[in-house]
$ cat protein_12.cif   # mmCIF, C-alpha atoms
data_data
#
loop_
_atom_site.label_atom_id
_atom_site.label_comp_id
_atom_site.auth_asym_id
_atom_site.auth_seq_id
_atom_site.Cartn_x
_atom_site.Cartn_y
_atom_site.Cartn_z
CA MET D 1 5.79 -8.57 -15.25
CA LYS D 2 8.48 -9.68 -12.85
CA TYR D 3 7.96 -11.39 -9.50
CA ARG D 4 9.53 -11.27 -6.05
CA THR D 5 9.17 -13.58 -3.04
CA LEU D 6 6.92 -12.28 -0.27
CA GLY D 7 8.51 -12.81 3.13
CA ARG D 8 8.76 -16.48 4.02
CA THR D 9 5.42 -17.39 2.42
CA GLY D 10 6.99 -18.94 -0.67
CA TRP D 11 4.66 -16.84 -2.82
CA ASN D 12 6.12 -15.14 -5.86
CA VAL D 13 4.09 -11.97 -6.26
CA SER D 14 4.05 -9.38 -9.01
CA GLU D 15 6.47 -6.60 -8.21
CA VAL D 16 3.82 -4.09 -9.23
CA SER D 17 0.58 -5.15 -7.59
CA PHE D 18 -2.89 -3.67 -7.14
CA GLY D 19 -3.89 -1.43 -4.23
CA SER D 20 -7.67 -1.38 -4.00
CA TRP D 21 -8.37 1.55 -1.68
CA ALA D 22 -9.45 3.74 -4.60
CA ILE D 23 -12.05 1.27 -5.90
CA GLY D 24 -13.58 1.08 -2.43
CA GLY D 25 -14.06 4.73 -1.59
CA THR D 26 -12.73 8.08 -0.29
CA TRP D 27 -11.09 8.73 -3.66
CA GLY D 28 -14.10 10.23 -5.37
CA PRO D 29 -16.84 8.39 -7.31
CA THR D 30 -16.31 4.93 -8.76
CA VAL D 31 -18.13 2.84 -11.35
CA GLU D 32 -18.23 -0.87 -10.51
CA SER D 33 -17.88 -1.99 -14.13
CA GLU D 34 -14.79 0.20 -14.56
CA SER D 35 -13.31 -1.05 -11.29
CA LEU D 36 -13.78 -4.66 -12.36
CA ALA D 37 -12.32 -3.90 -15.77
CA ALA D 38 -9.26 -2.38 -14.07
CA LEU D 39 -8.88 -5.52 -11.93
CA HIS D 40 -9.12 -7.77 -14.99
CA LYS D 41 -6.59 -5.60 -16.85
CA ALA D 42 -4.22 -6.12 -13.92
CA VAL D 43 -4.56 -9.90 -14.13
CA GLU D 44 -4.10 -9.74 -17.90
CA MET D 45 -0.80 -7.91 -17.34
CA GLY D 46 0.50 -10.51 -14.88
CA VAL D 47 -0.59 -9.04 -11.55
CA ASN D 48 -1.29 -11.75 -8.98
CA PHE D 49 -1.32 -9.81 -5.69
CA PHE D 50 -4.12 -7.51 -4.56
CA ASP D 51 -4.23 -5.43 -1.39
CA THR D 52 -7.50 -4.41 0.24
CA ALA D 53 -9.10 -3.73 3.64
CA ASP D 54 -12.42 -4.35 5.29
CA VAL D 55 -13.09 -0.61 5.57
CA TYR D 56 -12.54 0.23 1.90
CA GLY D 57 -16.08 1.12 0.91
CA ASP D 58 -17.29 -0.83 3.97
CA GLY D 59 -16.44 -4.10 2.21
CA ILE D 60 -17.01 -3.04 -1.40
CA SER D 61 -13.36 -3.55 -2.33
CA GLU D 62 -13.24 -7.02 -0.77
CA ARG D 63 -16.43 -8.05 -2.57
CA LEU D 64 -15.08 -6.82 -5.92
CA LEU D 65 -11.98 -8.94 -5.40
CA ALA D 66 -14.15 -11.95 -4.60
CA LYS D 67 -15.90 -11.39 -7.91
CA LEU D 68 -12.57 -11.10 -9.70
CA ARG D 69 -11.45 -14.40 -8.22
CA ARG D 70 -14.64 -16.05 -9.46
CA GLU D 71 -14.13 -14.65 -12.94
CA THR D 72 -10.49 -15.59 -13.49
CA ASN D 73 -8.66 -18.88 -13.79
CA GLU D 74 -5.36 -17.36 -12.66
CA THR D 75 -4.01 -17.84 -9.14
CA ILE D 76 -4.24 -14.58 -7.22
CA TYR D 77 -3.34 -13.66 -3.65
CA ILE D 78 -5.50 -11.22 -1.71
CA ALA D 79 -4.21 -9.36 1.33
CA THR D 80 -6.74 -7.61 3.53
CA LYS D 81 -6.58 -5.64 6.77
CA ALA D 82 -8.39 -5.41 10.08
CA GLY D 83 -8.66 -2.92 12.90
CA ARG D 84 -9.92 0.34 11.45
CA ARG D 85 -13.52 -0.61 12.06
CA LEU D 86 -12.86 0.19 15.71
CA ASP D 87 -14.57 3.33 16.98
CA PRO D 88 -12.81 4.68 18.89
CA HIS D 89 -9.66 3.33 17.26
CA ILE D 90 -7.75 2.39 20.41
CA ALA D 91 -5.20 -0.28 21.27
CA GLU D 92 -7.56 -2.06 23.64
CA GLY D 93 -9.86 -2.77 20.72
CA TYR D 94 -7.30 -5.13 19.18
CA ASN D 95 -8.61 -8.03 21.23
CA ARG D 96 -9.70 -11.57 20.45
CA PRO D 97 -13.46 -10.97 20.00
CA ASN D 98 -12.98 -7.98 17.71
CA LEU D 99 -10.19 -9.42 15.56
CA THR D 100 -12.06 -12.71 15.21
CA ALA D 101 -15.23 -10.87 14.16
CA TYR D 102 -13.35 -8.79 11.60
CA VAL D 103 -11.72 -11.88 10.14
CA GLU D 104 -15.08 -13.65 9.87
CA ARG D 105 -16.56 -10.64 8.08
CA SER D 106 -13.66 -10.53 5.59
CA LEU D 107 -13.94 -14.27 5.00
CA LYS D 108 -17.57 -13.71 4.04
CA ASN D 109 -16.82 -10.70 1.82
CA LEU D 110 -13.97 -12.50 0.06
CA GLU D 111 -15.94 -15.76 -0.21
CA THR D 112 -13.08 -17.87 1.09
CA GLU D 113 -12.34 -20.24 3.95
CA ALA D 114 -8.97 -18.69 4.81
CA LEU D 115 -7.54 -15.21 4.27
CA ASP D 116 -4.28 -15.30 2.33
CA LEU D 117 -2.68 -12.47 4.32
CA LEU D 118 -4.22 -10.45 7.14
CA GLN D 119 -2.58 -7.16 8.11
CA LEU D 120 -3.19 -5.11 11.22
CA HIS D 121 -4.47 -1.84 9.77
CA CYS D 122 -2.23 0.95 11.08
CA PRO D 123 -3.04 0.33 14.75
CA PRO D 124 -1.99 2.67 17.55
CA THR D 125 1.70 2.39 18.36
CA GLU D 126 0.91 0.68 21.68
CA VAL D 127 -0.33 -2.41 19.82
CA TYR D 128 3.23 -3.26 18.80
CA TYR D 129 4.04 -3.56 22.52
CA MET D 130 1.17 -6.00 23.11
CA PRO D 131 2.45 -9.51 22.34
CA GLU D 132 -0.97 -10.91 23.10
CA VAL D 133 -2.28 -9.34 19.87
CA PHE D 134 0.21 -11.31 17.82
CA GLY D 135 -0.67 -14.39 19.84
CA ILE D 136 -4.28 -13.96 18.70
CA LEU D 137 -3.07 -13.83 15.09
CA ASP D 138 -1.05 -17.00 15.66
CA ASP D 139 -4.19 -18.67 16.97
CA LEU D 140 -6.16 -17.57 13.90
CA VAL D 141 -3.47 -19.17 11.73
CA GLN D 142 -3.72 -22.38 13.75
CA ALA D 143 -7.51 -22.30 13.37
CA GLY D 144 -7.17 -22.12 9.59
CA LYS D 145 -8.82 -18.69 9.35
CA ILE D 146 -5.73 -16.94 7.99
CA ARG D 147 -2.68 -18.32 6.20
CA TYR D 148 -0.21 -15.58 7.07
CA TYR D 149 -0.21 -12.19 8.72
CA GLY D 150 1.62 -8.90 8.58
CA VAL D 151 1.21 -5.26 9.54
CA SER D 152 0.41 -1.97 7.89
CA VAL D 153 2.18 0.87 9.69
CA GLU D 154 2.46 4.63 9.66
CA LYS D 155 5.94 4.93 11.16
CA VAL D 156 9.30 3.27 10.62
CA GLU D 157 9.59 2.77 14.38
CA GLU D 158 6.37 0.74 14.38
CA ALA D 159 7.69 -1.44 11.58
CA LEU D 160 10.95 -2.11 13.42
CA LYS D 161 9.02 -3.17 16.50
CA ALA D 162 6.56 -5.32 14.51
CA ILE D 163 9.24 -7.41 12.84
CA GLU D 164 10.48 -8.54 16.24
CA PHE D 165 7.44 -10.84 16.27
CA PRO D 166 8.66 -13.97 14.47
CA ASN D 167 5.56 -14.72 12.39
CA VAL D 168 5.15 -11.28 10.83
CA GLN D 169 5.59 -11.91 7.11
CA SER D 170 5.11 -8.44 5.68
CA VAL D 171 5.22 -4.74 6.46
CA GLN D 172 3.11 -2.34 4.46
CA ILE D 173 4.48 1.21 4.67
CA ILE D 174 4.36 4.42 2.67
CA PHE D 175 7.44 4.50 0.47
CA ASN D 176 7.78 6.76 -2.54
CA MET D 177 9.82 9.65 -3.92
CA PHE D 178 8.41 11.83 -1.14
CA ARG D 179 8.95 9.33 1.68
CA LEU D 180 12.50 7.94 1.71
CA ARG D 181 13.03 7.24 5.40
CA PRO D 182 12.17 3.49 5.25
CA ALA D 183 15.27 2.97 3.10
CA ASP D 184 17.58 4.31 5.83
CA LEU D 185 17.35 1.48 8.37
CA LEU D 186 14.17 -0.55 7.96
CA PHE D 187 15.07 -2.11 4.64
CA ASP D 188 18.28 -3.66 5.96
CA GLN D 189 16.40 -5.12 8.91
CA VAL D 190 13.57 -6.66 6.88
CA LYS D 191 16.07 -8.29 4.54
CA LYS D 192 17.84 -9.88 7.50
CA ARG D 193 14.55 -11.26 8.81
CA GLN D 194 13.11 -12.17 5.39
CA VAL D 195 10.09 -9.93 5.81
CA GLY D 196 8.35 -8.51 2.75
CA ILE D 197 7.78 -4.80 2.10
CA LEU D 198 4.56 -3.65 0.45
CA ALA D 199 5.16 -0.07 -0.71
CA ARG D 200 1.87 1.73 -0.43
CA VAL D 201 0.85 5.20 -1.65
CA PRO D 202 3.53 4.90 -4.35
CA LEU D 203 2.16 7.92 -6.23
CA ALA D 204 1.70 10.14 -3.14
CA SER D 205 -2.10 10.18 -3.49
CA GLY D 206 -1.80 11.00 -7.18
CA MET D 207 0.60 13.92 -6.72
CA LEU D 208 3.30 11.95 -8.53
CA THR D 209 1.12 11.52 -11.60
CA GLY D 210 2.08 15.10 -12.47
CA LYS D 211 -1.52 15.91 -13.36
CA PHE D 212 -2.43 18.20 -10.47
CA LYS D 213 -2.44 21.99 -10.61
CA PRO D 214 -2.75 24.70 -7.94
CA ASN D 215 -6.48 24.95 -8.62
CA THR D 216 -7.23 21.22 -8.88
CA SER D 217 -10.31 20.37 -6.82
CA PHE D 218 -11.33 17.06 -5.28
CA ASP D 219 -14.77 15.66 -4.46
CA GLU D 220 -16.08 16.13 -0.94
CA ASP D 221 -15.81 12.39 -0.22
CA ASP D 222 -12.18 12.29 -1.44
CA HIS D 223 -9.63 12.22 1.39
CA ARG D 224 -7.48 14.61 -0.63
CA SER D 225 -10.16 17.17 0.09
CA PHE D 226 -10.91 16.44 3.74
CA ASN D 227 -7.74 14.96 5.28
CA ARG D 228 -4.90 17.30 4.35
CA GLU D 229 -4.25 18.16 7.99
CA GLY D 230 -5.14 14.72 9.34
CA GLU D 231 -8.75 15.53 10.16
CA ALA D 232 -9.93 11.95 9.53
CA PHE D 233 -6.79 9.80 9.83
CA ASP D 234 -3.02 10.16 9.74
CA ARG D 235 -2.16 13.15 7.55
CA GLY D 236 0.76 11.22 6.08
CA GLU D 237 -1.75 9.14 4.12
CA THR D 238 -2.74 12.20 2.06
CA PHE D 239 -0.08 13.42 -0.39
CA SER D 240 2.39 11.53 1.84
CA GLY D 241 2.20 14.39 4.33
CA VAL D 242 3.74 16.89 1.89
CA PRO D 243 2.09 20.33 1.70
CA TYR D 244 0.16 20.54 -1.56
CA ASP D 245 1.91 23.52 -3.15
CA LEU D 246 5.34 22.17 -2.21
CA GLY D 247 4.42 18.84 -3.74
CA LEU D 248 3.57 20.57 -7.00
CA LYS D 249 6.97 22.30 -6.99
CA ALA D 250 8.82 19.03 -6.37
CA VAL D 251 6.87 17.32 -9.16
CA GLU D 252 8.05 19.93 -11.65
CA GLU D 253 11.65 19.19 -10.67
CA LEU D 254 11.02 15.45 -11.00
CA LYS D 255 9.56 15.93 -14.46
CA ALA D 256 12.86 17.49 -15.49
CA VAL D 257 14.79 14.33 -14.56
CA CYS D 258 12.21 11.77 -15.71
CA PRO D 259 13.90 9.44 -18.23
CA GLU D 260 12.74 9.55 -21.82
CA GLY D 261 10.15 6.91 -22.64
CA MET D 262 8.57 6.90 -19.17
CA THR D 263 5.57 8.76 -17.84
CA LEU D 264 6.02 10.36 -14.44
CA VAL D 265 3.75 7.63 -13.00
CA GLN D 266 6.02 4.93 -14.38
CA PHE D 267 9.12 6.78 -13.23
CA ALA D 268 7.75 6.92 -9.67
CA ILE D 269 6.90 3.21 -9.65
CA ARG D 270 10.15 2.13 -11.32
CA TRP D 271 12.08 4.16 -8.74
CA ILE D 272 10.49 2.12 -5.92
CA LEU D 273 11.45 -1.13 -7.64
CA MET D 274 15.11 -0.12 -7.57
CA PHE D 275 15.14 -1.10 -3.88
CA ASP D 276 15.59 -4.85 -3.49
CA ALA D 277 14.00 -4.88 -0.03
CA VAL D 278 10.69 -3.97 -1.65
CA THR D 279 8.50 -6.94 -2.55
CA CYS D 280 6.00 -4.90 -4.51
CA ALA D 281 4.59 -1.44 -5.07
CA ILE D 282 0.80 -1.29 -4.84
CA PRO D 283 -0.59 1.62 -6.88
CA GLY D 284 -4.34 1.96 -7.17
CA ALA D 285 -6.39 2.17 -10.33
CA LYS D 286 -10.06 2.95 -10.94
CA ARG D 287 -9.93 2.46 -14.71
CA PRO D 288 -8.18 0.01 -17.08
CA SER D 289 -6.10 2.80 -18.61
CA GLN D 290 -4.65 3.65 -15.20
CA ALA D 291 -3.92 -0.01 -14.52
CA GLU D 292 -2.16 -0.40 -17.84
CA GLU D 293 0.10 2.59 -17.23
CA ASN D 294 0.93 1.43 -13.70
CA PHE D 295 1.79 -2.17 -14.48
CA ALA D 296 3.84 -1.38 -17.57
CA ALA D 297 6.39 0.16 -15.19
CA ALA D 298 7.56 -3.34 -14.21
CA ASP D 299 8.97 -3.91 -17.69
CA LEU D 300 10.91 -0.65 -17.96
CA PRO D 301 14.71 -0.55 -17.71
CA ALA D 302 16.51 0.14 -14.44
CA LEU D 303 17.18 3.75 -13.54
CA SER D 304 20.73 5.08 -13.67
CA ASP D 305 22.71 5.96 -10.55
CA GLU D 306 22.63 9.58 -11.70
CA THR D 307 18.84 9.59 -11.91
CA MET D 308 18.53 8.00 -8.47
CA SER D 309 20.88 10.66 -7.10
CA GLN D 310 18.82 13.45 -8.65
CA VAL D 311 15.65 12.18 -7.00
CA ARG D 312 17.45 12.11 -3.65
CA LYS D 313 18.63 15.70 -4.14
CA ILE D 314 15.10 16.90 -4.85
CA TYR D 315 13.90 15.10 -1.72
CA ASP D 316 16.66 16.52 0.44
CA HIS D 317 16.17 20.06 -0.89
CA LEU D 318 12.37 20.31 -0.83
CA ILE D 319 10.71 17.44 1.00
CA ARG D 320 12.86 16.02 3.78
CA GLU D 321 12.16 18.58 6.52
CA HIS D 322 8.40 18.18 6.05
CA VAL D 323 8.24 14.39 6.33
CA HIS D 324 11.46 12.75 7.50
CA PRO D 325 11.17 13.50 11.24
CA TYR D 326 7.51 12.48 11.45
CA TRP D 327 7.14 9.02 9.95
#
$ encode --input "protein_12.cif" --output "structure tokens"
Amino acid sequence: MKYRTLGRTGWNVSEVSFGSWAIGGTWGPTVESESLAALHKAVEMGVNFFDTADVYGDGISERLLAKLRRETNETIYIATKAGRRLDPHIAEGYNRPNLTAYVERSLKNLETEALDLLQLHCPPTEVYYMPEVFGILDDLVQAGKIRYYGVSVEKVEEALKAIEFPNVQSVQIIFNMFRLRPADLLFDQVKKRQVGILARVPLASGMLTGKFKPNTSFDEDDHRSFNREGEAFDRGETFSGVPYDLGLKAVEELKAVCPEGMTLVQFAIRWILMFDAVTCAIPGAKRPSQAEENFAAADLPALSDETMSQVRKIYDHLIREHVHPYW
């Protein structure tokens, strides 16, 4: 495992880290013992950064990470999120009473006195034009409830606005072989401001594993079944906003350029790590075998310029028009 510095925190975090949405819910059934085993496999392989949210399984994911922390002697950093508990999910809900209550709940779930990193959880765009929200986060830092804060965003424009606030340490954004737009402008700006990038949905909701077929079915409680058109939340969170059949076609072309000695999963993760603005990719894993495949990508050799160019051509030819203008 290799490590990169996260923002201005001084933390050196594993460049492939653990995204814990899948072990919390809306990705089909989970088994707690398998989820914990996957978390321990991650630590064994050098992972020291874990991303979660208070809504993943209504706190299940946070509580599993608290258990992991109790069961390991290694130093680990846990980033959580707040805001999606709002119903309706509106900008006005990002106020002092609500954010304070969400932080207190996460502190209890994570069994800690201070959250390592709190991220606003894909709030409405208007929130980035409400400096008072970031003032509340500053106050929570001063109160010792959170150490640092960042944002999780849907759109590049939201990220560019967020990093104008001086104490934002990280931006979590979808970045993968199907979502290249963050590399156009955002990455230069975050490097100038020393803001970290957490690349989420690195495998495009599993599409980039190469294991899906036209007739693949998903459980009813799996967002890949119920959110393809954005019925529950932003459609870009499901298969990165790429139409399913088109995604399958693009995957076949990517398989043809995947370097020898890498699985398609590892190719997708290693591709993300080629961008020096990225602090870490955060793939999910529900089983130890998935974790092992994911985290081994950090030790694979760099991709050639030719391979990087081929991925860009596939994106430009098949994917760009479906995602680039939207996020």
$ closest_residue --input "protein_12.cif" --among "D:Val168, D:Val251, D:Ala204, D:Val103" --to "Pro131 in chain D" --atoms "only C-alpha atoms"
D:Val168
$ resolve_selection --input "protein_12.cif" --expression "the PyMOL selection byres ((chain D and resi 108-118) around 6)" --output "JSON, numbers by chain"
{"D": [62, 63, 66, 78, 79, 80, 81, 105, 106, 107, 119, 145, 146, 147, 148, 149]}
$ residues_around --input "protein_12.cif" --residues "range 23-40 of chain D" --least-positions-apart "4" --cutoff "6 Å" --atoms "only C-alpha atoms" --output "list in words"
Tyr56, Gly57, Ile60, Ser61, Asp219, Asp221, Asp222, His223, Lys286, Arg287, Pro288 and Ala291 of chain D
$ axis_aligned_box --input "protein_12.cif" --around "range 191-201 of chain D" --padding-each-side "4 Å" --output "AutoDock Vina command-line options"
--center_x 9.3 --center_y -3.5 --center_z 3.6 --size_x 25.0 --size_y 25.4 --size_z 18.5
$ atom_distance --input "protein_12.cif" --atom1 "CA of Asp87 in chain D" --atom2 "CA of Glu220 in chain D"
22.1 Å
$ atom_distance --input "protein_12.cif" --atom1 "CA of Gly241 in chain D" --atom2 "CA of Asp299 in chain D"
29.4 Å
$ closest_residue --input "protein_12.cif" --among "D:Ala256, D:Val55, D:Asp184, D:Gly7" --to "Ile163 in chain D" --atoms "all atoms listed in the file"
D:Gly7
$ atom_distance --input "protein_12.cif" --atom1 "CA of Phe218 in chain D" --atom2 "CA of Met45 in chain D"
29.7 Å
$ resolve_selection --input "protein_12.cif" --expression "the PyMOL selection byres ((chain D and resi 17) around 12)" --output "ChimeraX atom specification"
/D:1-4,12-16,18-20,39,41-43,45-52,76-79,198-202,269,273,278-285,291-292,294-298
$ resolve_selection --input "protein_12.cif" --expression "the PyMOL selection byres ((chain D and resi 235-238) around 10)" --output "JSON, numbers by chain"
{"D": [154, 155, 174, 179, 200, 201, 204, 205, 206, 207, 223, 224, 225, 226, 227, 228, 229, 230, 231, 232, 233, 234, 239, 240, 241, 242, 243, 244, 323, 326, 327]}
$ closest_residue --input "protein_12.cif" --among "D:Ala22, D:Leu120, D:Met262, D:Leu248" --to "Phe178 in chain D" --atoms "only C-alpha atoms"
D:Leu248
$ residues_around --input "protein_12.cif" --residues "Val156 in chain D" --least-positions-apart "2" --cutoff "7 Å" --atoms "all atoms listed in the file" --output "ChimeraX atom specification"
/D:158-160,182,186,327
$ write_last_selection --input "protein_12.cif" --atoms "C-alpha atoms" --output "tab-separated table (two decimals), in the frame of the given file"
chain	number	residue	atom	x	y	z
D	158	GLU	CA	6.37	0.74	14.38
D	159	ALA	CA	7.69	-1.44	11.58
D	160	LEU	CA	10.95	-2.11	13.42
D	182	PRO	CA	12.17	3.49	5.25
D	186	LEU	CA	14.17	-0.55	7.96
D	327	TRP	CA	7.14	9.02	9.95
$ closest_atom_pairs --input "protein_12.cif" --of "range 121-208 of chain D" --to "range 309-317 of chain D" --cutoff "12 Å" --atoms "only C-alpha atoms" --output "JSON lines"
{"residue": "D:Asn176", "atom": "CA", "partner": "D:Tyr315", "partner_atom": "CA", "distance": 10.4}
{"residue": "D:Met177", "atom": "CA", "partner": "D:Val311", "partner_atom": "CA", "distance": 7.1}
{"residue": "D:Phe178", "atom": "CA", "partner": "D:Tyr315", "partner_atom": "CA", "distance": 6.4}
{"residue": "D:Arg179", "atom": "CA", "partner": "D:Tyr315", "partner_atom": "CA", "distance": 8.3}
{"residue": "D:Leu180", "atom": "CA", "partner": "D:Tyr315", "partner_atom": "CA", "distance": 8.1}
{"residue": "D:Arg181", "atom": "CA", "partner": "D:Tyr315", "partner_atom": "CA", "distance": 10.6}
{"residue": "D:Ala183", "atom": "CA", "partner": "D:Arg312", "partner_atom": "CA", "distance": 11.6}
$ closest_residue --input "protein_12.cif" --among "D:Ile319, D:Val195, D:Leu203, D:Val127" --to "Asp276 in chain D" --atoms "all atoms listed in the file"
D:Val195
$ closest_residue --input "protein_12.cif" --among "D:Gly59, D:Pro259, D:Pro325, D:Pro97" --to "Met308 in chain D" --atoms "only C-alpha atoms"
D:Pro259
$ closest_residue --input "protein_12.cif" --among "D:Gly247, D:Pro301, D:Gly196, D:Gly93" --to "Val133 in chain D" --atoms "all atoms listed in the file"
D:Gly93
$ residues_near_point --input "protein_12.cif" --point "(12.0, 9.7, -14.8)" --cutoff "10 Å" --atoms "all atoms listed in the file" --output "short mmCIF file (atom, residue, chain, number, x, y, z; two decimals) with C-alpha atoms, in the coordinates of the input"
data_model
loop_
_atom_site.label_atom_id
_atom_site.label_comp_id
_atom_site.auth_asym_id
_atom_site.auth_seq_id
_atom_site.Cartn_x
_atom_site.Cartn_y
_atom_site.Cartn_z
CA LEU D 254 11.02 15.45 -11.00
CA LYS D 255 9.56 15.93 -14.46
CA ALA D 256 12.86 17.49 -15.49
CA VAL D 257 14.79 14.33 -14.56
CA CYS D 258 12.21 11.77 -15.71
CA PRO D 259 13.90 9.44 -18.23
CA GLU D 260 12.74 9.55 -21.82
CA GLY D 261 10.15 6.91 -22.64
CA MET D 262 8.57 6.90 -19.17
CA THR D 263 5.57 8.76 -17.84
CA LEU D 264 6.02 10.36 -14.44
CA VAL D 265 3.75 7.63 -13.00
CA GLN D 266 6.02 4.93 -14.38
CA PHE D 267 9.12 6.78 -13.23
CA ALA D 268 7.75 6.92 -9.67
CA ILE D 269 6.90 3.21 -9.65
CA ARG D 270 10.15 2.13 -11.32
CA TRP D 271 12.08 4.16 -8.74
CA LEU D 303 17.18 3.75 -13.54
CA SER D 304 20.73 5.08 -13.67
CA THR D 307 18.84 9.59 -11.91
CA MET D 308 18.53 8.00 -8.47
CA GLN D 310 18.82 13.45 -8.65
CA VAL D 311 15.65 12.18 -7.00
#
$ residues_around --input "protein_12.cif" --residues "Asn98 in chain D" --least-positions-apart "6" --cutoff "10 Å" --atoms "all atoms listed in the file" --output "mmCIF file with C-alpha atoms, in the coordinates of the input"
data_model
loop_
_atom_site.group_PDB
_atom_site.id
_atom_site.type_symbol
_atom_site.label_atom_id
_atom_site.label_comp_id
_atom_site.auth_asym_id
_atom_site.auth_seq_id
_atom_site.Cartn_x
_atom_site.Cartn_y
_atom_site.Cartn_z
ATOM 1 C CA ALA D 82 -8.390 -5.410 10.080
ATOM 2 C CA GLY D 83 -8.660 -2.920 12.900
ATOM 3 C CA ARG D 85 -13.520 -0.610 12.060
ATOM 4 C CA LEU D 86 -12.860 0.190 15.710
ATOM 5 C CA GLU D 92 -7.560 -2.060 23.640
ATOM 6 C CA GLU D 104 -15.080 -13.650 9.870
#
$ residues_around --input "protein_12.cif" --residues "Glu132 in chain D" --least-positions-apart "6" --cutoff "10 Å" --atoms "all atoms listed in the file" --output "NGL selection string"
:D and (94-96 or 138)
$ residues_around --input "protein_12.cif" --residues "Ile197 in chain D" --least-positions-apart "6" --cutoff "8 Å" --atoms "all atoms listed in the file" --output "ChimeraX atom specification"
/D:6,170-173,190,277-280
$ write_last_selection --input "protein_12.cif" --atoms "C-alpha atoms" --output "PDB file, keeping the file's coordinate frame"
ATOM      1  CA  LEU D   6       6.920 -12.280  -0.270  1.00  0.00           C
ATOM      2  CA  SER D 170       5.110  -8.440   5.680  1.00  0.00           C
ATOM      3  CA  VAL D 171       5.220  -4.740   6.460  1.00  0.00           C
ATOM      4  CA  GLN D 172       3.110  -2.340   4.460  1.00  0.00           C
ATOM      5  CA  ILE D 173       4.480   1.210   4.670  1.00  0.00           C
ATOM      6  CA  VAL D 190      13.570  -6.660   6.880  1.00  0.00           C
ATOM      7  CA  ALA D 277      14.000  -4.880  -0.030  1.00  0.00           C
ATOM      8  CA  VAL D 278      10.690  -3.970  -1.650  1.00  0.00           C
ATOM      9  CA  THR D 279       8.500  -6.940  -2.550  1.00  0.00           C
ATOM     10  CA  CYS D 280       6.000  -4.900  -4.510  1.00  0.00           C
TER      11      CYS D 280
END
$ decode --input "protein_12.cif" --residues "range 149-162 of chain D" --atoms "N, CA and C atoms" --output "PDB file, in the first residue's frame"
ATOM      1  N   TYR D 149     -13.328  19.109   8.268  1.00  0.00           N
ATOM      2  CA  TYR D 149     -14.540  18.875   7.487  1.00  0.00           C
ATOM      3  C   TYR D 149     -14.269  19.049   5.992  1.00  0.00           C
ATOM      4  N   GLY D 150     -15.171  18.435   5.222  1.00  0.00           N
ATOM      5  CA  GLY D 150     -15.107  18.516   3.772  1.00  0.00           C
ATOM      6  C   GLY D 150     -16.507  18.410   3.207  1.00  0.00           C
ATOM      7  N   VAL D 151     -16.596  18.122   1.919  1.00  0.00           N
ATOM      8  CA  VAL D 151     -17.889  18.022   1.261  1.00  0.00           C
ATOM      9  C   VAL D 151     -17.916  16.800   0.351  1.00  0.00           C
ATOM     10  N   SER D 152     -19.106  16.261   0.183  1.00  0.00           N
ATOM     11  CA  SER D 152     -19.354  15.255  -0.835  1.00  0.00           C
ATOM     12  C   SER D 152     -20.318  15.895  -1.817  1.00  0.00           C
ATOM     13  N   VAL D 153     -19.968  15.890  -3.091  1.00  0.00           N
ATOM     14  CA  VAL D 153     -20.733  16.653  -4.085  1.00  0.00           C
ATOM     15  C   VAL D 153     -21.184  15.757  -5.231  1.00  0.00           C
ATOM     16  N   GLU D 154     -22.200  16.240  -5.938  1.00  0.00           N
ATOM     17  CA  GLU D 154     -22.624  15.577  -7.170  1.00  0.00           C
ATOM     18  C   GLU D 154     -21.945  16.197  -8.389  1.00  0.00           C
ATOM     19  N   LYS D 155     -21.774  17.537  -8.358  1.00  0.00           N
ATOM     20  CA  LYS D 155     -21.338  18.251  -9.551  1.00  0.00           C
ATOM     21  C   LYS D 155     -19.997  18.949  -9.351  1.00  0.00           C
ATOM     22  N   VAL D 156     -19.251  19.037 -10.442  1.00  0.00           N
ATOM     23  CA  VAL D 156     -17.973  19.751 -10.420  1.00  0.00           C
ATOM     24  C   VAL D 156     -18.177  21.191  -9.966  1.00  0.00           C
ATOM     25  N   GLU D 157     -19.247  21.834 -10.436  1.00  0.00           N
ATOM     26  CA  GLU D 157     -19.494  23.224 -10.078  1.00  0.00           C
ATOM     27  C   GLU D 157     -19.654  23.382  -8.562  1.00  0.00           C
ATOM     28  N   GLU D 158     -20.288  22.417  -7.917  1.00  0.00           N
ATOM     29  CA  GLU D 158     -20.449  22.470  -6.463  1.00  0.00           C
ATOM     30  C   GLU D 158     -19.093  22.362  -5.769  1.00  0.00           C
ATOM     31  N   ALA D 159     -18.249  21.505  -6.307  1.00  0.00           N
ATOM     32  CA  ALA D 159     -16.913  21.343  -5.720  1.00  0.00           C
ATOM     33  C   ALA D 159     -16.103  22.627  -5.839  1.00  0.00           C
ATOM     34  N   LEU D 160     -16.168  23.263  -7.000  1.00  0.00           N
ATOM     35  CA  LEU D 160     -15.419  24.502  -7.207  1.00  0.00           C
ATOM     36  C   LEU D 160     -15.887  25.597  -6.258  1.00  0.00           C
ATOM     37  N   LYS D 161     -17.182  25.634  -5.996  1.00  0.00           N
ATOM     38  CA  LYS D 161     -17.701  26.620  -5.048  1.00  0.00           C
ATOM     39  C   LYS D 161     -17.286  26.262  -3.621  1.00  0.00           C
ATOM     40  N   ALA D 162     -17.349  24.978  -3.275  1.00  0.00           N
ATOM     41  CA  ALA D 162     -17.036  24.549  -1.903  1.00  0.00           C
ATOM     42  C   ALA D 162     -15.609  24.883  -1.505  1.00  0.00           C
TER      43      ALA D 162
END
